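Printed here is upload.cif (mmCIF, C-alpha atoms and all ligand atoms):
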data_target
#
loop_
_atom_site.label_atom_id
_atom_site.label_comp_id
_atom_site.auth_asym_id
_atom_site.auth_seq_id
_atom_site.Cartn_x
_atom_site.Cartn_y
_atom_site.Cartn_z
CA MET A 1 93.96 68.66 91.49
CA SER A 2 91.69 70.88 93.55
CA SER A 3 92.67 74.52 93.79
CA ILE A 4 93.40 76.36 97.02
CA GLY A 5 91.12 79.22 98.01
CA ARG A 6 91.51 82.36 100.03
CA ILE A 7 91.30 82.43 103.82
CA ARG A 8 87.88 83.63 105.02
CA GLY A 9 87.92 87.37 105.63
CA PHE A 10 90.95 87.93 103.44
CA SER A 11 90.50 89.37 99.98
CA ASP A 12 92.37 90.04 96.78
CA ILE A 13 92.23 93.71 95.95
CA LEU A 14 92.37 94.32 92.24
CA GLY A 15 91.00 96.36 89.35
CA GLN A 16 88.97 99.41 90.34
CA GLU A 17 89.27 98.58 94.03
CA ALA A 18 93.07 98.58 93.77
CA ARG A 19 92.92 101.95 92.02
CA LYS A 20 90.79 103.35 94.82
CA PHE A 21 93.33 102.10 97.36
CA ARG A 22 96.16 103.72 95.39
CA PHE A 23 94.16 106.96 95.31
CA MET A 24 93.59 106.89 99.10
CA GLU A 25 97.30 106.25 99.69
CA ASP A 26 98.40 108.99 97.31
CA ARG A 27 96.05 111.54 98.89
CA ALA A 28 97.27 110.54 102.36
CA HIS A 29 100.89 111.18 101.35
CA SER A 30 99.98 114.46 99.74
CA VAL A 31 97.73 115.86 102.48
CA PHE A 32 99.65 114.64 105.53
CA SER A 33 103.04 115.84 104.26
CA ARG A 34 101.55 119.33 103.97
CA TYR A 35 101.00 119.20 107.73
CA GLY A 36 104.55 118.07 108.46
CA PHE A 37 103.86 114.34 108.87
CA ARG A 38 106.48 111.79 107.83
CA GLU A 39 105.84 108.25 106.74
CA LEU A 40 106.53 105.37 109.12
CA ARG A 41 106.43 101.77 107.90
CA LEU A 42 105.75 99.42 110.76
CA PRO A 43 106.09 95.64 110.97
CA MET A 44 102.87 93.59 110.75
CA LEU A 45 103.95 91.31 113.60
CA GLU A 46 104.59 92.44 117.15
CA HIS A 47 104.87 90.73 120.52
CA THR A 48 101.38 89.94 121.80
CA GLU A 49 102.17 91.70 125.05
CA LEU A 50 102.46 95.05 123.25
CA PHE A 51 98.76 94.92 122.36
CA ALA A 52 97.63 93.43 125.66
CA ARG A 53 99.37 96.23 127.56
CA SER A 54 98.25 99.10 125.31
CA ILE A 55 94.82 98.25 123.92
CA GLY A 56 93.94 96.59 127.23
CA SER A 57 93.52 92.95 128.15
CA ASP A 58 89.80 93.42 128.91
CA THR A 59 88.94 94.76 125.47
CA ASP A 60 87.12 92.74 122.82
CA VAL A 61 90.04 93.36 120.48
CA VAL A 62 92.52 91.62 122.76
CA GLN A 63 90.15 89.00 124.16
CA LYS A 64 88.47 87.86 120.96
CA GLU A 65 89.76 89.47 117.82
CA MET A 66 93.52 89.08 117.57
CA PHE A 67 95.38 86.72 115.28
CA THR A 68 97.81 85.38 117.86
CA PHE A 69 100.08 82.38 117.52
CA PRO A 70 103.35 81.01 118.80
CA ASP A 71 106.36 81.21 116.49
CA ARG A 72 108.79 78.30 116.11
CA LYS A 73 110.40 79.14 119.42
CA GLY A 74 107.09 79.40 121.25
CA ARG A 75 107.04 83.21 121.55
CA HIS A 76 103.58 84.80 121.41
CA LEU A 77 103.22 86.96 118.34
CA THR A 78 100.23 88.89 117.03
CA LEU A 79 99.35 90.28 113.63
CA ARG A 80 98.73 93.93 114.44
CA PRO A 81 95.04 94.71 115.02
CA GLU A 82 95.72 98.47 114.90
CA ALA A 83 98.66 100.79 114.32
CA THR A 84 98.96 102.99 117.40
CA ALA A 85 100.60 100.42 119.66
CA GLY A 86 103.31 99.73 117.08
CA ALA A 87 103.85 103.44 116.46
CA VAL A 88 104.30 104.03 120.19
CA ARG A 89 106.69 101.09 120.39
CA ALA A 90 108.73 102.59 117.54
CA TYR A 91 108.59 106.06 119.10
CA ILE A 92 110.13 104.68 122.29
CA GLU A 93 112.48 102.11 120.79
CA ASP A 94 113.85 104.33 118.01
CA LYS A 95 113.89 107.40 120.31
CA LEU A 96 111.90 109.37 117.79
CA TYR A 97 111.56 112.13 120.39
CA SER A 98 115.30 112.87 120.48
CA GLY A 99 114.97 115.83 118.11
CA GLY A 100 112.61 117.54 120.58
CA GLY A 101 109.30 119.17 119.71
CA LEU A 102 106.52 117.32 117.99
CA THR A 103 106.94 113.99 116.25
CA LYS A 104 104.34 113.55 113.52
CA LEU A 105 104.01 110.25 111.73
CA PHE A 106 101.63 108.52 109.39
CA THR A 107 101.41 104.93 108.26
CA VAL A 108 99.30 103.03 105.75
CA GLY A 109 98.77 99.31 105.63
CA PRO A 110 96.87 96.16 106.58
CA MET A 111 95.55 95.34 110.07
CA PHE A 112 94.10 92.03 111.23
CA ARG A 113 91.11 91.23 113.40
CA TYR A 114 89.22 88.01 113.78
CA GLU A 115 85.73 89.44 113.32
CA ARG A 116 82.73 88.22 111.41
CA PRO A 117 83.36 89.28 107.80
CA GLN A 118 80.71 91.53 106.22
CA LYS A 119 80.47 94.30 103.69
CA GLY A 120 83.14 96.89 104.48
CA ARG A 121 84.72 94.67 107.13
CA GLN A 122 87.34 92.05 106.43
CA ARG A 123 89.67 90.14 108.74
CA GLN A 124 92.55 91.70 106.89
CA PHE A 125 91.53 95.32 106.53
CA HIS A 126 93.50 98.43 105.72
CA GLN A 127 93.99 101.71 107.48
CA VAL A 128 95.49 105.11 106.99
CA ASN A 129 96.84 106.24 110.37
CA ALA A 130 98.38 109.41 111.71
CA GLU A 131 99.96 109.93 115.13
CA ALA A 132 101.39 113.07 116.72
CA PHE A 133 103.56 112.88 119.85
CA GLY A 134 104.84 115.49 122.24
CA SER A 135 102.08 117.99 122.98
CA ALA A 136 99.01 118.08 125.19
CA SER A 137 97.76 121.27 123.58
CA PRO A 138 94.12 121.24 122.48
CA LEU A 139 95.30 123.07 119.35
CA LEU A 140 97.04 119.88 118.30
CA ASP A 141 93.71 118.02 118.66
CA ALA A 142 92.06 120.62 116.44
CA GLU A 143 94.83 120.41 113.87
CA MET A 144 94.67 116.60 113.74
CA ILE A 145 90.93 116.76 113.17
CA LEU A 146 91.43 119.48 110.55
CA MET A 147 93.97 117.32 108.74
CA LEU A 148 91.65 114.31 108.81
CA TRP A 149 88.74 116.44 107.63
CA THR A 150 90.86 117.87 104.78
CA TYR A 151 91.94 114.39 103.79
CA LEU A 152 88.37 113.08 103.60
CA ARG A 153 87.25 116.14 101.66
CA GLU A 154 90.10 115.71 99.20
CA LEU A 155 88.97 112.13 98.66
CA GLY A 156 85.74 113.71 97.47
CA LEU A 157 83.58 112.75 100.45
CA THR A 158 80.65 114.87 101.49
CA ASP A 159 77.86 114.29 104.00
CA LEU A 160 80.34 113.95 106.85
CA THR A 161 79.74 114.62 110.52
CA LEU A 162 82.35 114.94 113.23
CA GLN A 163 81.35 113.50 116.58
CA ILE A 164 83.48 114.41 119.53
CA ASN A 165 83.68 113.61 123.22
CA SER A 166 86.05 113.77 126.16
CA LEU A 167 86.97 110.60 128.04
CA GLY A 168 88.71 112.41 130.89
CA CYS A 169 92.22 112.08 132.25
CA ARG A 170 94.04 110.02 134.87
CA GLU A 171 92.61 112.39 137.51
CA CYS A 172 88.94 112.24 136.62
CA GLN A 173 88.61 108.78 135.09
CA PRO A 174 88.68 107.10 138.54
CA VAL A 175 85.90 109.44 139.69
CA TYR A 176 83.83 108.40 136.73
CA ALA A 177 84.66 104.73 137.29
CA GLU A 178 83.16 105.08 140.77
CA ARG A 179 79.96 106.64 139.45
CA LEU A 180 79.75 103.85 136.92
CA GLN A 181 80.20 101.24 139.65
CA ASP A 182 77.39 102.91 141.60
CA TYR A 183 75.17 102.65 138.57
CA LEU A 184 76.09 99.01 138.04
CA ALA A 185 75.38 98.26 141.68
CA HIS A 186 71.76 99.22 141.01
CA THR A 187 71.55 97.17 137.83
CA ASP A 188 70.79 93.48 137.60
CA ARG A 189 74.24 92.20 136.65
CA SER A 190 72.97 88.83 135.57
CA ARG A 191 71.35 90.46 132.55
CA PHE A 192 74.72 91.46 131.10
CA CYS A 193 76.60 89.19 128.73
CA ALA A 194 79.14 86.85 130.31
CA ASP A 195 82.09 89.03 129.28
CA CYS A 196 80.60 92.14 130.83
CA GLN A 197 79.74 90.33 134.06
CA GLU A 198 83.32 89.25 134.22
CA ARG A 199 84.90 92.66 133.49
CA ALA A 200 82.40 94.87 135.35
CA GLN A 201 84.57 95.02 138.47
CA ARG A 202 87.94 95.31 136.80
CA ASN A 203 87.16 97.66 133.94
CA PRO A 204 83.60 99.07 133.97
CA PHE A 205 84.40 101.34 131.00
CA ARG A 206 84.37 98.35 128.71
CA LEU A 207 80.67 97.79 129.41
CA LEU A 208 80.03 101.07 127.59
CA ASP A 209 81.15 99.72 124.25
CA CYS A 210 80.04 96.11 124.43
CA LYS A 211 78.51 95.09 121.12
CA GLN A 212 75.79 92.88 122.69
CA SER A 213 72.40 94.51 122.43
CA GLN A 214 71.28 93.53 125.97
CA CYS A 215 74.36 95.28 127.40
CA GLN A 216 73.82 98.37 125.26
CA GLU A 217 70.23 98.46 126.52
CA LEU A 218 71.33 98.19 130.16
CA MET A 219 73.99 100.88 129.77
CA ARG A 220 71.65 103.38 128.14
CA GLY A 221 70.86 105.01 131.50
CA ALA A 222 74.47 105.05 132.71
CA PRO A 223 76.02 108.39 133.71
CA SER A 224 78.14 109.91 130.98
CA MET A 225 81.86 110.51 131.23
CA LEU A 226 81.38 114.06 130.00
CA ASP A 227 79.40 114.92 133.15
CA SER A 228 82.27 113.68 135.32
CA VAL A 229 85.31 115.24 133.69
CA CYS A 230 87.49 117.57 135.75
CA SER A 231 87.72 121.29 134.98
CA ASP A 232 91.02 120.86 133.10
CA CYS A 233 89.48 118.26 130.83
CA ARG A 234 86.40 120.42 130.33
CA SER A 235 88.43 123.47 129.32
CA HIS A 236 90.61 121.30 127.08
CA LEU A 237 87.50 120.13 125.24
CA ASP A 238 86.08 123.66 125.08
CA THR A 239 89.26 124.95 123.46
CA VAL A 240 89.14 122.14 120.89
CA LEU A 241 85.50 122.93 120.10
CA ASP A 242 86.32 126.63 119.85
CA SER A 243 89.10 125.98 117.36
CA LEU A 244 86.90 123.66 115.31
CA GLN A 245 84.29 126.36 115.11
CA GLN A 246 86.87 128.89 113.94
CA LEU A 247 88.13 126.41 111.36
CA GLY A 248 84.62 125.92 110.05
CA ILE A 249 84.42 122.22 110.94
CA PRO A 250 80.89 121.33 112.07
CA TYR A 251 80.77 118.98 115.06
CA GLU A 252 78.36 117.24 117.40
CA VAL A 253 79.35 116.56 120.97
CA ASN A 254 78.38 112.94 121.57
CA SER A 255 78.76 111.97 125.22
CA GLY A 256 78.07 108.34 124.31
CA LEU A 257 81.14 108.13 122.09
CA VAL A 258 83.55 105.68 123.68
CA ARG A 259 86.19 103.90 121.67
CA GLY A 260 86.79 100.24 122.34
CA LEU A 261 90.41 100.61 123.42
CA ASP A 262 91.71 101.28 126.91
CA TYR A 263 94.31 103.90 126.08
CA TYR A 264 92.06 106.77 125.02
CA GLN A 265 91.82 109.86 127.18
CA ARG A 266 90.38 113.32 126.78
CA THR A 267 89.48 114.15 123.17
CA THR A 268 88.02 111.25 121.20
CA PHE A 269 86.29 111.62 117.89
CA GLU A 270 84.74 109.84 114.97
CA ILE A 271 83.80 110.95 111.52
CA VAL A 272 80.56 109.50 110.38
CA SER A 273 79.22 109.33 106.87
CA GLY A 274 75.52 109.51 106.14
CA ALA A 275 76.03 107.46 103.01
CA ILE A 276 76.74 103.93 104.28
CA GLY A 277 74.20 103.10 106.96
CA ALA A 278 75.19 100.79 109.77
CA GLN A 279 78.91 100.85 109.01
CA SER A 280 78.80 104.60 109.22
CA SER A 281 82.05 105.47 111.01
CA VAL A 282 84.81 106.01 108.44
CA ALA A 283 87.51 107.38 110.74
CA GLY A 284 88.16 107.84 114.41
CA GLY A 285 90.79 108.60 116.94
CA GLY A 286 91.71 110.43 120.08
CA ARG A 287 94.31 111.29 122.67
CA TYR A 288 96.38 108.66 124.41
CA ASP A 289 98.37 110.86 126.75
CA ASP A 290 99.50 108.09 129.11
CA LEU A 291 100.32 105.37 126.64
CA VAL A 292 103.94 106.25 125.87
CA ARG A 293 104.74 106.30 129.58
CA GLN A 294 102.77 103.08 130.21
CA LEU A 295 104.81 101.29 127.58
CA GLY A 296 108.06 102.34 129.23
CA GLY A 297 108.79 105.59 127.37
CA PRO A 298 108.96 109.22 128.48
CA ASP A 299 105.83 110.98 129.74
CA HIS A 300 104.84 112.36 126.34
CA PRO A 301 101.20 113.01 125.47
CA ALA A 302 99.98 112.02 122.01
CA ILE A 303 96.99 111.87 119.71
CA GLY A 304 96.16 109.87 116.61
CA PHE A 305 93.49 108.70 114.22
CA ALA A 306 92.74 105.85 111.84
CA CYS A 307 90.66 105.71 108.65
CA GLY A 308 89.23 102.41 107.46
CA MET A 309 90.10 102.09 103.80
CA GLU A 310 87.50 99.40 102.98
CA ARG A 311 84.75 101.65 104.31
CA LEU A 312 86.13 104.74 102.60
CA SER A 313 86.28 102.77 99.40
CA LEU A 314 82.50 102.21 99.55
CA LEU A 315 82.10 106.00 99.44
CA LEU A 316 84.58 106.78 96.70
CA GLU A 317 83.44 107.47 93.20
CA ASP A 318 84.15 104.81 90.65
CA PRO A 319 87.51 105.75 89.14
CA GLY A 320 86.39 104.59 85.66
CA PRO A 321 88.35 102.30 83.40
CA GLU A 322 92.14 102.48 83.24
CA VAL A 323 93.32 104.65 80.35
CA THR A 324 95.46 103.02 77.68
CA ASP A 325 96.82 105.25 74.96
CA PHE A 326 97.66 102.70 72.32
CA TYR A 327 97.62 99.08 71.37
CA LEU A 328 100.12 98.04 68.73
CA ALA A 329 98.97 95.10 66.62
CA VAL A 330 101.89 93.45 64.87
CA LEU A 331 100.44 91.58 61.90
CA ASP A 332 103.63 90.07 60.48
CA PRO A 333 106.10 88.01 62.55
CA GLU A 334 108.89 89.97 60.84
CA GLY A 335 107.62 93.08 62.61
CA PHE A 336 107.93 92.01 66.25
CA SER A 337 111.33 93.51 66.99
CA GLU A 338 110.45 96.73 65.18
CA GLY A 339 107.16 96.76 67.13
CA MET A 340 109.03 96.47 70.43
CA ARG A 341 111.18 99.45 69.46
CA ILE A 342 108.14 101.56 68.53
CA CYS A 343 106.34 100.70 71.76
CA GLU A 344 109.37 101.51 73.84
CA GLU A 345 109.84 104.88 72.16
CA LEU A 346 106.21 105.79 72.84
CA ARG A 347 106.44 104.68 76.45
CA ARG A 348 109.58 106.75 76.95
CA LYS A 349 107.52 109.74 75.90
CA GLY A 350 104.99 108.85 78.58
CA TRP A 351 102.32 107.04 76.56
CA LYS A 352 100.76 103.92 78.02
CA GLY A 353 100.40 100.95 75.75
CA GLU A 354 101.24 97.41 74.82
CA MET A 355 101.54 95.06 71.86
CA ASN A 356 100.86 91.46 70.97
CA GLN A 357 103.52 88.80 71.43
CA GLU A 358 101.88 86.23 69.22
CA THR A 359 100.44 86.71 65.76
CA ALA A 360 96.70 87.10 65.54
CA SER A 361 94.17 88.37 63.02
CA VAL A 362 93.35 92.06 62.55
CA LYS A 363 89.85 91.36 63.81
CA SER A 364 90.84 89.73 67.07
CA GLN A 365 93.53 92.35 67.75
CA THR A 366 91.09 95.20 67.15
CA ARG A 367 88.71 93.52 69.57
CA HIS A 368 91.52 93.28 72.12
CA ALA A 369 92.34 97.00 71.68
CA HIS A 370 88.69 97.76 72.45
CA ARG A 371 88.81 95.59 75.55
CA LEU A 372 91.85 97.48 76.80
CA GLY A 373 90.07 100.78 76.22
CA ALA A 374 92.94 101.94 73.97
CA ARG A 375 92.52 105.35 72.34
CA PHE A 376 94.47 104.26 69.28
CA CYS A 377 95.11 100.93 67.66
CA LEU A 378 98.33 100.89 65.66
CA PHE A 379 98.90 98.33 62.91
CA LEU A 380 102.28 97.11 61.79
CA GLY A 381 102.08 94.71 58.84
CA GLN A 382 104.15 93.88 55.78
CA GLU A 383 103.07 97.00 53.95
CA GLU A 384 103.87 99.33 56.86
CA LEU A 385 107.26 97.65 57.36
CA ALA A 386 108.12 98.27 53.72
CA ARG A 387 107.09 101.94 53.92
CA GLU A 388 108.50 102.54 57.42
CA SER A 389 105.08 103.76 58.50
CA ILE A 390 102.27 102.80 60.84
CA THR A 391 98.53 102.59 60.32
CA VAL A 392 96.77 104.48 63.09
CA LYS A 393 93.16 103.81 63.93
CA ASP A 394 91.32 106.24 66.19
CA MET A 395 89.19 103.88 68.24
CA SER A 396 86.48 106.38 69.07
CA SER A 397 85.88 107.71 65.55
CA GLY A 398 87.00 104.62 63.67
CA GLN A 399 89.08 106.82 61.36
CA GLN A 400 92.22 105.30 59.98
CA SER A 401 95.32 106.96 58.56
CA GLN A 402 98.92 106.30 57.62
CA CYS A 403 101.65 107.93 59.57
CA GLY A 404 105.44 108.05 59.31
CA LYS A 405 107.04 106.43 62.38
CA GLU A 406 108.71 109.68 63.45
CA HIS A 407 105.34 111.49 63.51
CA LEU A 408 103.66 108.92 65.72
CA PRO A 409 104.07 110.77 69.05
CA ASP A 410 102.52 113.93 67.50
CA MET A 411 99.70 111.86 66.13
CA LEU A 412 98.85 110.45 69.60
CA ARG A 413 99.03 113.89 71.15
CA GLN A 414 96.10 115.11 69.03
ZN ZN A 501 90.39 115.24 133.78
ZN ZN A 502 78.37 92.81 127.23
#
Give the structure from the file, written as C-alpha cells.
Amino acid sequence: MSSIGRIRGFSDILGQEARKFRFMEDRAHSVFSRYGFRELRLPMLEHTELFARSIGSDTDVVQKEMFTFPDRKGRHLTLRPEATAGAVRAYIEDKLYSGGGLTKLFTVGPMFRYERPQKGRQRQFHQVNAEAFGSASPLLDAEMILMLWTYLRELGLTDLTLQINSLGCRECQPVYAERLQDYLAHTDRSRFCADCQERAQRNPFRLLDCKQSQCQELMRGAPSMLDSVCSDCRSHLDTVLDSLQQLGIPYEVNSGLVRGLDYYQRTTFEIVSGAIGAQSSVAGGGRYDDLVRQLGGPDHPAIGFACGMERLSLLLEDPGPEVTDFYLAVLDPEGFSEGMRICEELRRKGWKGEMNQETASVKSQTRHAHRLGARFCLFLGQEELARESITVKDMSSGQQSQCGKEHLPDMLRQ
C-alpha cells in the first residue's frame, strides 16, 4: 500500500528543531512573565468574519492567504492566520478588561497562511505573540519593544536592528489617504497589478505593501505617512523614540515601514536580523488602538507584536545532541525486572536514561549507547546479578569498573 505524505507547506518538527522550539517557548514564558504578561491559549479556528473585519478584507492575507472552509453546517471558518484578532475577540468576549488597568497577554502556537512555501516560511508556521490592552501611552510602546528586544537577546541573537514608523491615527490617516489618492491620480494605474487597481480607490494604503515588484516600483515616489501625521501622532512617536534612546535600544526610523494589516495605527515596528538575508524580519508589531472598538468592544487602545519562530530558528545556535546520562544493557533475560528497578531509581534521582527490552549482544548494546550519546553504559549480566553489582563503563574514557548497586548514583555524579 502506498504511504500518505504531508500536506505541502506543513512540516514535522523534530530533533534539534523541536528543541529549538522548546527553547523559544521556555524563554518566552520566562521573559514575558517578568513583565507581567499572562499566557492565553487561543483556539486555532475562528469565524472567518473575525479576520475579514480586523485584518481587513482588502489585504492579501484575507484575499489570498487564508485557509477558509465551511464546516458541516455551512458556517465559514478560518484557521487563524495571526493571533491578534483572536486575542481581541477573547478580550471582548471574556471581558478581560473587567479588572481595570492594563491587560497583558502572550500566546504561542501555530498560524496558517496559504503562501508559497520556502525556507523559513511554511503554510503552518509558528509565532510567539504578546498583546497589551488598555493604554495609549507611548511608554507602553517602549516597554513592549524593550520586552521583545530582551526576549531576542536572551535567545542569543545579535546583529539586530529595530525599525520603527508611525502610521497615524483615525484623525490623520484620512488626510494621508487623500495625499495618496492625489499621487495615484498622477500615476498610470494600468501599470499596477490587478489587485492594486481594484483596491486603489477603496484602500490606497494596501498599495504600499503589495508584494508585486511593479507596484513597489510605482509606489517608490509616494508621499510617506510620516510626513502627514498629526501633531499628536508626531509627539507620540517622539516620546517612544526618546524612551528607546534612554533604554539603550538602537533604532532606525523607516517611513516606508507599513505592515500588511489594516488595523495598525501609530507606532509600528519590525526587528530585522542581518544574518538571514531576504527573510530578514524576525519580529514585528504595532498599535491597534481602534480594533477593540471596531470588533464591538470598549474603546480600549492596544499594542502587540509577533515573532516568527521558523525564522528565529534559523538564527539560533545548534543546541547540540540531547544528553543521556546512562544506558543500561541487560545481558541476561533474568535481569530485566531488576534492570527496570535500577533504571527507575536512577530516574527518580533525576538521571536520564533507558534500557533494552530485548536481549542483544554486548557489542550491539555498546554501539546503541554510543548512538544515544550516553555518558555511561551500565551492564547487568549473570555475574552482576549474582554479586548484586553493576559494571559501569565511562563512554568517553572507555574505563570500566564494578560498582555496588547502592553506589550507582554517586558513581554517575562523578
Ligand atoms: Zn494622528
Ligand atoms: Zn499590486
For Glu171 (chain A), the nearest of the candidates A:Ala28, A:Val229, A:Glu217, A:Pro81, counting only C-alpha atoms:
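Nearest to Glu171 (chain A): A:Val229.
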Sorted by chain and rising residue number, list the residues of chain A at most 7 Å from ligand ZN 501 (chain A) (counting all atoms listed in the file), each with its closest atom pair and distance in Å to one decimal, as a Markdown table.
| residue | atom | partner | partner_atom | distance |
| --- | --- | --- | --- | --- |
| A:Gly168 | CA | A:ZN501 | ZN | 4.4 |
| A:Cys169 | CA | A:ZN501 | ZN | 4.0 |
| A:Arg170 | CA | A:ZN501 | ZN | 6.5 |
| A:Glu171 | CA | A:ZN501 | ZN | 5.2 |
| A:Cys172 | CA | A:ZN501 | ZN | 4.4 |
| A:Gln173 | CA | A:ZN501 | ZN | 6.8 |
| A:Val229 | CA | A:ZN501 | ZN | 5.1 |
| A:Cys230 | CA | A:ZN501 | ZN | 4.2 |
| A:Ser231 | CA | A:ZN501 | ZN | 6.7 |
| A:Asp232 | CA | A:ZN501 | ZN | 5.7 |
| A:Cys233 | CA | A:ZN501 | ZN | 4.3 |
Under the rule that all atoms listed in the file are counted, which of A:Gly9, A:Gly373, A:Gly100, A:Gly335 is the nearest residue to Gly120 (chain A)?
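Closest to Gly120 (chain A), using all atoms listed in the file: A:Gly9.
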Selection near Glu338 (chain A), 12 Å with all atoms listed in the file, sequence-local residues under 3 positions removed, as a list in words:
Leu328, Ala329, Val330, Leu331, Asp332, Pro333, Glu334, Gly335, Arg341, Ile342, Cys343, Glu344, Glu345, Met355, Phe379, Leu380, Gly381, Gln382, Glu384, Leu385, Ala386, Glu388, Ser389, Ile390 and Lys405 of chain A
Would you save the residues from that selection as a CSV table (one decimal), in the frame of the given file, using C-alpha atoms?
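Listed below is the output, part.csv:
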chain,number,residue,atom,x,y,z
A,328,LEU,CA,100.1,98.0,68.7
A,329,ALA,CA,99.0,95.1,66.6
A,330,VAL,CA,101.9,93.4,64.9
A,331,LEU,CA,100.4,91.6,61.9
A,332,ASP,CA,103.6,90.1,60.5
A,333,PRO,CA,106.1,88.0,62.6
A,334,GLU,CA,108.9,90.0,60.8
A,335,GLY,CA,107.6,93.1,62.6
A,341,ARG,CA,111.2,99.4,69.5
A,342,ILE,CA,108.1,101.6,68.5
A,343,CYS,CA,106.3,100.7,71.8
A,344,GLU,CA,109.4,101.5,73.8
A,345,GLU,CA,109.8,104.9,72.2
A,355,MET,CA,101.5,95.1,71.9
A,379,PHE,CA,98.9,98.3,62.9
A,380,LEU,CA,102.3,97.1,61.8
A,381,GLY,CA,102.1,94.7,58.8
A,382,GLN,CA,104.2,93.9,55.8
A,384,GLU,CA,103.9,99.3,56.9
A,385,LEU,CA,107.3,97.6,57.4
A,386,ALA,CA,108.1,98.3,53.7
A,388,GLU,CA,108.5,102.5,57.4
A,389,SER,CA,105.1,103.8,58.5
A,390,ILE,CA,102.3,102.8,60.8
A,405,LYS,CA,107.0,106.4,62.4
If you count all atoms listed in the file, which residues fall within 9 Å of Arg89 (chain A), apart from same-chain ones fewer than 5 positions away, as a compact mmCIF listing (two decimals) with C-alpha atoms, in the frame of the given file?
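Once written, part_13.txt looks like this:
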# COMPACT_ATOMS: atom_id res chain seq x y z
CA LEU A 50 102.46 95.05 123.25
CA THR A 84 98.96 102.99 117.40
CA ASP A 94 113.85 104.33 118.01
CA VAL A 292 103.94 106.25 125.87
CA LEU A 295 104.81 101.29 127.58
CA GLY A 297 108.79 105.59 127.37
Could I get the residue neighbourhood of ligand ZN 502 (chain A) at 7 Å, counting only C-alpha atoms and all ligand atoms, as a PyMOL selection string?
chain A and resi 192-196+207+210-212+215
Name the residues within 10 Å of (80.2, 114.3, 121.6), counting all atoms listed in the file in the file's coordinates, and put them as a compact mmCIF listing (two decimals) with C-alpha atoms, keeping the file's coordinate frame.
# COMPACT_ATOMS: atom_id res chain seq x y z
CA LEU A 162 82.35 114.94 113.23
CA GLN A 163 81.35 113.50 116.58
CA ILE A 164 83.48 114.41 119.53
CA ASN A 165 83.68 113.61 123.22
CA SER A 166 86.05 113.77 126.16
CA LEU A 226 81.38 114.06 130.00
CA TYR A 251 80.77 118.98 115.06
CA GLU A 252 78.36 117.24 117.40
CA VAL A 253 79.35 116.56 120.97
CA ASN A 254 78.38 112.94 121.57
CA SER A 255 78.76 111.97 125.22
CA GLY A 256 78.07 108.34 124.31
CA LEU A 257 81.14 108.13 122.09
CA VAL A 258 83.55 105.68 123.68
CA THR A 267 89.48 114.15 123.17
CA THR A 268 88.02 111.25 121.20
CA PHE A 269 86.29 111.62 117.89
CA GLU A 270 84.74 109.84 114.97
